[in-house]
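Student: My structure is in my_file-v2.txt, and what it holds is compact mmCIF, C-alpha atoms:
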```txt
# COMPACT_ATOMS: atom_id res chain seq x y z
CA MET A 1 -3.32 7.75 -27.58
CA LYS A 2 -5.45 9.89 -29.86
CA ALA A 3 -9.23 10.10 -29.89
CA THR A 4 -11.27 11.74 -32.61
CA VAL A 5 -14.87 12.75 -32.10
CA HIS A 6 -17.38 13.61 -34.82
CA VAL A 7 -20.42 15.56 -33.71
CA THR A 8 -23.28 15.82 -36.19
CA LEU A 9 -26.82 17.12 -36.08
CA LYS A 10 -29.44 14.42 -35.65
CA THR A 11 -31.55 13.48 -38.64
CA GLY A 12 -34.64 15.66 -38.65
CA VAL A 13 -32.89 18.60 -37.00
CA LEU A 14 -32.77 21.48 -39.46
CA ASP A 15 -29.24 22.49 -40.41
CA PRO A 16 -29.40 25.99 -41.93
CA GLN A 17 -25.61 26.16 -42.24
CA GLY A 18 -25.56 22.89 -44.17
CA LYS A 19 -28.32 24.27 -46.40
CA ALA A 20 -26.26 27.40 -47.09
CA ILE A 21 -23.25 25.23 -48.02
CA GLU A 22 -25.44 23.13 -50.30
CA HIS A 23 -26.72 26.25 -52.10
CA ALA A 24 -23.24 27.78 -52.36
CA LEU A 25 -21.86 24.58 -53.92
CA GLY A 26 -24.72 24.67 -56.43
CA ASN A 27 -23.90 28.30 -57.24
CA LEU A 28 -20.28 27.30 -57.89
CA GLY A 29 -21.46 24.80 -60.46
CA PHE A 30 -21.09 21.63 -58.39
CA ASP A 31 -24.18 19.76 -59.54
CA GLY A 32 -25.71 16.79 -57.81
CA VAL A 33 -24.93 17.72 -54.20
CA GLU A 34 -28.16 16.36 -52.80
CA GLN A 35 -27.50 17.33 -49.21
CA ALA A 36 -24.82 18.98 -47.07
CA ARG A 37 -24.73 18.62 -43.30
CA GLN A 38 -22.25 20.50 -41.15
CA GLY A 39 -20.78 19.11 -37.94
CA LYS A 40 -17.77 19.31 -35.66
CA PHE A 41 -14.54 17.35 -35.51
CA ILE A 42 -12.63 17.27 -32.21
CA GLU A 43 -9.19 15.71 -31.62
CA LEU A 44 -8.07 14.70 -28.15
CA GLU A 45 -4.60 13.59 -27.06
CA LEU A 46 -5.07 11.22 -24.14
CA ALA A 47 -2.70 9.85 -21.51
CA ASP A 48 -4.71 6.60 -21.45
CA THR A 49 -3.01 3.34 -22.43
CA ASP A 50 -6.07 1.11 -22.55
CA VAL A 51 -8.33 1.48 -25.60
CA ASP A 52 -11.54 0.44 -23.85
CA THR A 53 -10.96 2.81 -20.95
CA ALA A 54 -10.17 5.63 -23.35
CA ARG A 55 -13.31 4.95 -25.39
CA ALA A 56 -15.45 4.91 -22.25
CA ARG A 57 -13.94 8.15 -21.00
CA VAL A 58 -14.37 9.96 -24.32
CA THR A 59 -17.96 8.72 -24.57
CA ASP A 60 -18.56 10.21 -21.12
CA MET A 61 -16.97 13.49 -22.32
CA CYS A 62 -19.37 13.53 -25.28
CA GLU A 63 -22.37 12.98 -23.04
CA LYS A 64 -21.30 15.66 -20.57
CA LEU A 65 -19.89 18.37 -22.83
CA LEU A 66 -18.77 17.69 -26.39
CA ALA A 67 -22.23 16.98 -27.80
CA ASN A 68 -25.68 18.28 -26.94
CA THR A 69 -27.62 15.04 -27.25
CA VAL A 70 -30.92 16.90 -27.62
CA ILE A 71 -29.86 17.88 -31.14
CA GLU A 72 -26.58 16.08 -31.89
CA ASN A 73 -25.18 12.59 -32.42
CA TYR A 74 -21.55 11.76 -31.80
CA SER A 75 -19.11 9.04 -32.78
CA VAL A 76 -15.77 8.21 -31.15
CA GLN A 77 -12.69 6.74 -32.84
CA ILE A 78 -9.59 5.74 -30.90
CA GLU A 79 -6.22 5.62 -32.66
CA THR A 80 -3.42 3.74 -30.97
CA MET B 1 -36.92 40.73 -3.07
CA ARG B 2 -33.37 39.38 -2.91
CA SER B 3 -32.02 38.76 -6.39
CA ALA B 4 -28.75 37.81 -8.02
CA VAL B 5 -27.35 38.11 -11.53
CA ILE B 6 -24.76 35.53 -12.59
CA VAL B 7 -21.81 37.06 -14.47
CA PHE B 8 -19.71 35.02 -16.92
CA PRO B 9 -16.78 36.20 -18.99
CA GLY B 10 -18.61 37.45 -22.08
CA SER B 11 -21.89 38.34 -20.38
CA ASN B 12 -23.02 41.72 -21.70
CA ARG B 13 -26.58 42.29 -20.47
CA ASP B 14 -25.72 41.67 -16.83
CA ARG B 15 -25.63 45.38 -15.98
CA ASP B 16 -28.85 46.09 -17.88
CA MET B 17 -30.44 43.31 -15.84
CA ARG B 18 -29.04 44.82 -12.65
CA LEU B 19 -30.62 48.19 -13.47
CA ALA B 20 -33.98 46.64 -14.34
CA LEU B 21 -34.02 44.63 -11.10
CA ARG B 22 -32.93 47.61 -9.02
CA ARG B 23 -35.62 49.80 -10.55
CA ALA B 24 -38.35 47.26 -9.84
CA THR B 25 -37.27 45.96 -6.44
CA GLY B 26 -35.62 48.99 -4.91
CA HIS B 27 -32.70 46.76 -3.92
CA GLU B 28 -29.31 46.21 -5.45
CA PRO B 29 -29.04 42.66 -6.86
CA HIS B 30 -26.00 40.54 -5.99
CA MET B 31 -23.63 40.21 -8.94
CA ILE B 32 -22.20 36.68 -8.77
CA TRP B 33 -18.98 35.83 -10.63
CA HIS B 34 -18.97 32.48 -12.45
CA LYS B 35 -16.17 31.06 -10.28
CA ASP B 36 -18.13 31.55 -7.06
CA THR B 37 -19.76 28.47 -5.66
CA GLU B 38 -21.55 30.04 -2.69
CA LEU B 39 -24.76 32.00 -3.11
CA PRO B 40 -26.51 34.11 -0.46
CA GLU B 41 -30.17 33.49 0.40
CA LEU B 42 -32.09 34.51 -2.72
CA ASP B 43 -35.64 34.86 -4.03
CA LEU B 44 -34.58 35.04 -7.69
CA ILE B 45 -31.53 34.06 -9.73
CA VAL B 46 -31.07 35.58 -13.20
CA VAL B 47 -28.77 34.17 -15.87
CA PRO B 48 -28.29 37.15 -18.20
CA GLY B 49 -27.65 37.64 -21.89
CA GLY B 50 -24.36 37.92 -23.72
CA PHE B 51 -21.81 35.60 -25.23
CA SER B 52 -20.50 33.67 -22.25
CA TYR B 53 -17.11 32.09 -23.04
CA GLY B 54 -17.37 33.45 -26.58
CA ASP B 55 -20.11 30.91 -27.44
CA TYR B 56 -17.30 28.34 -27.74
CA LEU B 57 -18.41 24.81 -28.68
CA ARG B 58 -22.11 25.78 -28.49
CA ALA B 59 -23.85 28.88 -27.15
CA GLY B 60 -24.13 28.42 -23.39
CA ALA B 61 -22.23 25.12 -23.33
CA MET B 62 -19.23 26.30 -21.33
CA ALA B 63 -21.22 28.46 -18.92
CA ALA B 64 -23.48 25.49 -18.18
CA ARG B 65 -20.43 23.61 -16.83
CA SER B 66 -19.05 26.52 -14.78
CA PRO B 67 -18.72 26.19 -10.98
CA VAL B 68 -21.51 28.61 -10.11
CA MET B 69 -24.06 26.78 -12.24
CA ARG B 70 -23.85 23.68 -10.05
CA THR B 71 -25.09 25.80 -7.18
CA VAL B 72 -27.73 27.42 -9.39
CA VAL B 73 -29.06 23.96 -10.35
CA GLU B 74 -29.19 22.95 -6.68
CA ARG B 75 -31.15 26.09 -5.84
CA ALA B 76 -33.46 25.63 -8.82
CA ASN B 77 -34.15 22.05 -7.79
CA ALA B 78 -34.92 23.32 -4.27
CA GLY B 79 -37.51 25.71 -5.74
CA THR B 80 -35.69 29.04 -6.04
CA PRO B 81 -37.03 30.82 -9.14
CA VAL B 82 -34.48 31.09 -11.96
CA MET B 83 -34.84 33.23 -15.08
CA GLY B 84 -32.55 32.88 -18.10
CA VAL B 85 -32.65 35.57 -20.78
CA CYS B 86 -31.11 35.09 -24.23
CA ASN B 87 -27.71 33.51 -23.52
CA GLY B 88 -29.17 32.65 -20.11
CA PHE B 89 -31.91 30.63 -21.87
CA GLN B 90 -29.21 28.84 -23.87
CA VAL B 91 -27.35 28.06 -20.64
CA LEU B 92 -30.48 26.69 -18.93
CA THR B 93 -31.22 24.35 -21.85
CA GLU B 94 -27.59 23.23 -22.01
CA ILE B 95 -27.64 22.39 -18.31
CA GLY B 96 -30.95 20.54 -18.60
CA LEU B 97 -33.10 22.78 -16.40
CA LEU B 98 -35.24 23.48 -19.47
CA PRO B 99 -36.06 21.19 -22.41
CA GLY B 100 -34.96 21.74 -26.00
CA ALA B 101 -32.05 23.61 -27.53
CA LEU B 102 -31.36 26.93 -29.22
CA MET B 103 -30.00 26.51 -32.74
CA ARG B 104 -28.53 28.96 -35.25
CA ASN B 105 -31.22 31.35 -36.57
CA ALA B 106 -32.90 29.89 -39.66
CA ASN B 107 -31.75 32.82 -41.84
CA LEU B 108 -28.19 32.52 -40.40
CA LYS B 109 -28.23 36.21 -39.49
CA PHE B 110 -27.74 37.97 -36.17
CA ILE B 111 -31.11 39.58 -35.43
CA CYS B 112 -31.23 42.81 -33.44
CA ARG B 113 -34.66 44.46 -33.43
CA ASN B 114 -37.97 44.59 -31.61
CA VAL B 115 -40.29 41.63 -32.04
CA GLY B 116 -43.94 41.03 -31.27
CA LEU B 117 -44.13 38.77 -28.25
CA ARG B 118 -47.36 37.20 -27.00
CA VAL B 119 -47.71 36.34 -23.32
CA GLU B 120 -49.20 32.83 -23.29
CA THR B 121 -50.22 32.76 -19.63
CA SER B 122 -50.43 35.27 -16.80
CA GLN B 123 -50.54 32.42 -14.26
CA SER B 124 -46.84 32.42 -13.45
CA LEU B 125 -44.42 34.07 -11.08
CA PHE B 126 -42.86 35.82 -14.03
CA THR B 127 -45.86 37.04 -16.04
CA SER B 128 -48.46 38.01 -13.44
CA GLY B 129 -47.98 41.65 -14.51
CA TYR B 130 -49.44 40.85 -17.94
CA ASP B 131 -52.72 39.54 -19.32
CA ALA B 132 -52.74 36.21 -21.13
CA GLY B 133 -52.69 36.94 -24.86
CA GLN B 134 -51.19 40.40 -24.40
CA VAL B 135 -48.76 41.30 -27.18
CA LEU B 136 -45.56 43.09 -26.18
CA SER B 137 -42.86 44.82 -28.19
CA ILE B 138 -39.51 43.59 -26.82
CA PRO B 139 -36.04 43.64 -28.41
CA VAL B 140 -34.17 40.51 -29.42
CA ALA B 141 -30.41 40.40 -30.10
CA HIS B 142 -29.18 36.93 -30.95
CA HIS B 143 -27.62 34.63 -33.51
CA ASP B 144 -28.77 31.36 -31.93
CA GLY B 145 -32.40 31.74 -30.93
CA ASN B 146 -34.02 29.09 -33.08
CA TYR B 147 -35.84 26.97 -30.50
CA PHE B 148 -35.81 23.25 -31.21
CA ALA B 149 -37.35 20.32 -29.38
CA ASP B 150 -38.73 17.05 -30.71
CA GLU B 151 -42.44 16.89 -31.51
CA ALA B 152 -43.31 14.90 -28.37
CA THR B 153 -41.57 17.48 -26.18
CA LEU B 154 -43.33 20.36 -27.98
CA ASP B 155 -46.70 18.64 -27.53
CA ARG B 156 -45.97 18.10 -23.84
CA LEU B 157 -44.92 21.74 -23.33
CA GLU B 158 -48.14 22.93 -24.95
CA GLY B 159 -50.28 20.41 -23.08
CA GLU B 160 -48.81 21.46 -19.74
CA ASN B 161 -49.10 25.22 -20.52
CA ARG B 162 -45.34 25.55 -20.34
CA VAL B 163 -44.92 27.81 -23.37
CA ALA B 164 -44.26 31.23 -21.81
CA PHE B 165 -44.03 33.47 -24.88
CA ARG B 166 -44.49 33.17 -28.65
CA TYR B 167 -43.29 35.36 -31.49
CA VAL B 168 -46.20 36.99 -33.33
CA ASP B 169 -46.72 39.27 -36.32
CA ASP B 170 -48.32 42.72 -36.32
CA ALA B 171 -51.77 41.13 -36.19
CA GLY B 172 -50.79 39.15 -33.09
CA GLU B 173 -50.77 35.85 -35.01
CA THR B 174 -48.12 33.13 -34.76
CA SER B 175 -47.34 33.28 -38.49
CA ALA B 176 -44.08 32.52 -40.28
CA ALA B 177 -43.75 36.28 -40.88
CA GLY B 178 -43.88 36.88 -37.14
CA ASN B 179 -41.21 34.27 -36.44
CA PRO B 180 -37.82 36.00 -36.55
CA ASN B 181 -35.53 32.98 -36.15
CA GLY B 182 -37.33 29.80 -37.20
CA SER B 183 -38.29 28.68 -33.70
CA ALA B 184 -40.49 25.60 -33.51
CA ARG B 185 -44.15 26.65 -33.15
CA ASN B 186 -42.98 30.28 -32.75
CA ILE B 187 -41.83 29.49 -29.20
CA ALA B 188 -39.79 32.29 -27.63
CA GLY B 189 -39.68 30.98 -24.06
CA VAL B 190 -40.59 27.98 -21.90
CA TYR B 191 -41.09 27.02 -18.25
CA ASN B 192 -39.82 23.98 -16.39
CA GLU B 193 -42.30 21.47 -14.95
CA THR B 194 -42.93 23.48 -11.79
CA GLY B 195 -43.11 26.89 -13.47
CA THR B 196 -40.23 28.16 -11.32
CA VAL B 197 -37.61 28.21 -14.09
CA LEU B 198 -38.20 30.38 -17.15
CA GLY B 199 -35.99 30.84 -20.18
CA PHE B 200 -36.67 33.08 -23.16
CA MET B 201 -34.73 34.88 -25.90
CA PRO B 202 -36.07 38.49 -25.91
CA HIS B 203 -34.65 41.12 -23.56
CA PRO B 204 -37.23 42.64 -21.17
CA GLU B 205 -34.35 44.38 -19.33
CA ASN B 206 -33.87 46.47 -22.48
CA ALA B 207 -37.51 47.56 -22.47
CA VAL B 208 -37.80 49.35 -19.13
CA ASP B 209 -37.01 52.94 -20.14
CA PRO B 210 -39.03 55.13 -22.54
CA GLU B 211 -35.79 56.81 -23.59
CA LEU B 212 -34.59 53.47 -24.94
CA GLY B 213 -37.57 52.64 -27.10
CA GLY B 214 -40.23 51.16 -24.85
CA THR B 215 -41.33 49.97 -21.46
CA ASP B 216 -43.15 46.70 -22.23
CA GLY B 217 -40.58 44.78 -20.16
CA MET B 218 -41.30 46.66 -16.95
CA ALA B 219 -44.38 44.65 -15.97
CA LEU B 220 -42.29 41.47 -15.91
CA PHE B 221 -39.96 42.87 -13.25
CA ASP B 222 -42.79 44.55 -11.35
CA GLY B 223 -44.83 41.33 -11.39
CA LEU B 224 -41.83 39.31 -10.22
CA THR B 225 -41.23 41.78 -7.40
CA ARG B 226 -44.86 41.55 -6.24
CA ALA B 227 -44.83 37.76 -6.47
CA LEU B 228 -41.54 37.24 -4.64
CA SER B 229 -41.46 40.02 -2.01
```
What's the structure tokens form of this structure?

Tutor:
Amino acid sequence: MKATVHVTLKTGVLDPQGKAIEHALGNLGFDGVEQARQGKFIELELADTDVDTARARVTDMCEKLLANTVIENYSVQIET
Amino acid sequence: MRSAVIVFPGSNRDRDMRLALRRATGHEPHMIWHKDTELPELDLIVVPGGFSYGDYLRAGAMAARSPVMRTVVERANAGTPVMGVCNGFQVLTEIGLLPGALMRNANLKFICRNVGLRVETSQSLFTSGYDAGQVLSIPVAHHDGNYFADEATLDRLEGENRVAFRYVDDAGETSAAGNPNGSARNIAGVYNETGTVLGFMPHPENAVDPELGGTDGMALFDGLTRALS
């Protein structure tokens, strides 16, 4: 079973790297990019067979390591 | 004073810290490898600077989950003073001993230079060698030193006198020009609720020898030694 985790900065947390991407896109002539936010994408291959158990375990992983919840949000998708 | 320096793969200011502690205390600090789980009796634990675990995932994230840090948290909760410098500050926020987080510098650049640093209070174990309001010249060397906490947390830190140091300009003011990395309210370091855990970005261990550009860091180690011996 595969889990994918997206980690993104919370709204209101400054994202200087996202800002740099936004400016660089503007410099390349891509108009109308109103905002760019950078985050992380993590793929996990799991031995779990039960979707709910897998989701609960990955959520726990996010809380304990994969995200810093002071500054980041996370979302978990499970693919069967 | 019995002290220890925690050593992770990727620590690089651990030996500078050892020298600074030895100079001030007259005793050799214990160097504790990250896989150790036992600590001797200690009066001070230092989490040093560097790039533990290559800053993988987030600066300090891996080190915060290493075996030795469980013991460090137990000791901190039992009242043993803990000081985290630079990467050590990042580790202490990641592990939850200190509030907030250290983000990428606002200008996205690695900053390696001396900064003006104002001591916010002399009423602490760590800063009794200084006067409140004293401005020091101390080097910083970091890519992720941009202190962030939500407004309520920042207000609480200020209300409880838990801001240890602030970045200041040449006039000693907390201006944008004096803020090297974009830190909220120019905060360079904070205490925990009991004032026994301190984390900050600048490197006092690199300001203890006139041959290396200054000695403004010495009073921190001398004050600590007086307070804890």

Student: Can you check which residues of chain A have any atom within 9 Å of chain B? Use only C-alpha atoms and format it as a PDB file with C-alpha atoms, in the coordinates of the input.

Tutor:
```pdb
ATOM      1  CA  VAL A  13     -32.890  18.600 -37.000  1.00  0.00           C
ATOM      2  CA  LEU A  14     -32.770  21.480 -39.460  1.00  0.00           C
ATOM      3  CA  ASP A  15     -29.240  22.490 -40.410  1.00  0.00           C
ATOM      4  CA  PRO A  16     -29.400  25.990 -41.930  1.00  0.00           C
ATOM      5  CA  GLN A  17     -25.610  26.160 -42.240  1.00  0.00           C
ATOM      6  CA  ALA A  20     -26.260  27.400 -47.090  1.00  0.00           C
ATOM      7  CA  LYS A  40     -17.770  19.310 -35.660  1.00  0.00           C
ATOM      8  CA  LYS A  64     -21.300  15.660 -20.570  1.00  0.00           C
ATOM      9  CA  LEU A  65     -19.890  18.370 -22.830  1.00  0.00           C
ATOM     10  CA  LEU A  66     -18.770  17.690 -26.390  1.00  0.00           C
ATOM     11  CA  ALA A  67     -22.230  16.980 -27.800  1.00  0.00           C
ATOM     12  CA  ASN A  68     -25.680  18.280 -26.940  1.00  0.00           C
ATOM     13  CA  VAL A  70     -30.920  16.900 -27.620  1.00  0.00           C
ATOM     14  CA  ILE A  71     -29.860  17.880 -31.140  1.00  0.00           C
TER      15      ILE A  71
END
```

Student: What's around Thr59 in chain A at 12 Å? Count all atoms listed in the file, leave out sequence neighbours fewer than 2 positions away in its own chain, and write the answer as a list in words.

Tutor: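 Listing them by chain and then by number gives Ala3, Thr4, Val5, His6, Val7, Asp52, Thr53, Ala54, Arg55, Ala56, Arg57, Met61, Cys62, Glu63, Lys64, Leu65, Leu66, Ala67, Thr69, Asn73, Tyr74, Ser75, Val76, Gln77 and Ile78 of chain A.
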
Student: Within 9 Å of Ser66 in chain B, counting only C-alpha atoms, which residues show up once you throw out same-chain ones fewer than 4 positions away? Write them as number ranges by chain, please.

Tutor: B: 8, 34-35, 62, 70

Student: Write out as a ChimeraX atom specification each polymer residue whose atoms come within 10 Å of Ser124 in chain B, counting only C-alpha atoms; drop sequence neighbours fewer than 6 positions from it.

Tutor: /B:130,162,164,191,194-196,198,223-224,227

Student: In Å, rounded to a single decimal, give me how far CA of Met218 in chain B is from CA of Arg166 in chain B.

Tutor: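 Interatomic distance, CA of Arg166 in chain B to CA of Met218 in chain B: 18.1 Å.
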
Student: Nearest to Leu220 in chain B: which of B:Asp170, B:Ser128, B:Glu120, B:Gly26 is it, counting all atoms listed in the file?

Tutor: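 Ranking B:Asp170, B:Ser128, B:Glu120, B:Gly26 by distance to Leu220 in chain B, first place goes to B:Ser128.
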
Student: CA of Ser3 in chain B to CA of Ala20 in chain B: how many Å, to one decimal?

Tutor: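 Between CA of Ser3 in chain B and CA of Ala20 in chain B the gap is 11.4 Å.
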
Student: Between CA of Gly60 in chain B and CA of Val85 in chain B, measure the distance and give it in Å to one decimal.

Tutor: 11.4 Å

Student: Which one is closest to Leu92 in chain B: B:Val72, B:Thr215, B:Gln134, B:Ala78? Count all atoms listed in the file.

Tutor: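 Checking each candidate against Leu92 in chain B, we get B:Val72 as the closest.
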
Student: Can you tell me, as a list in words, what residues are no more than 7 Å from Tyr53 in chain B when counting all atoms listed in the file, ignoring any on the same chain fewer than 2 positions away?

Tutor: Pro9, Gly10, Phe51, Asp55, Tyr56, Met62 and Ala63 of chain B

Student: Taking only C-alpha atoms into account, which of B:Gly84, B:Gly116, B:Pro180, B:Gly54 comes nearest Met17 in chain B?

Tutor: B:Gly84
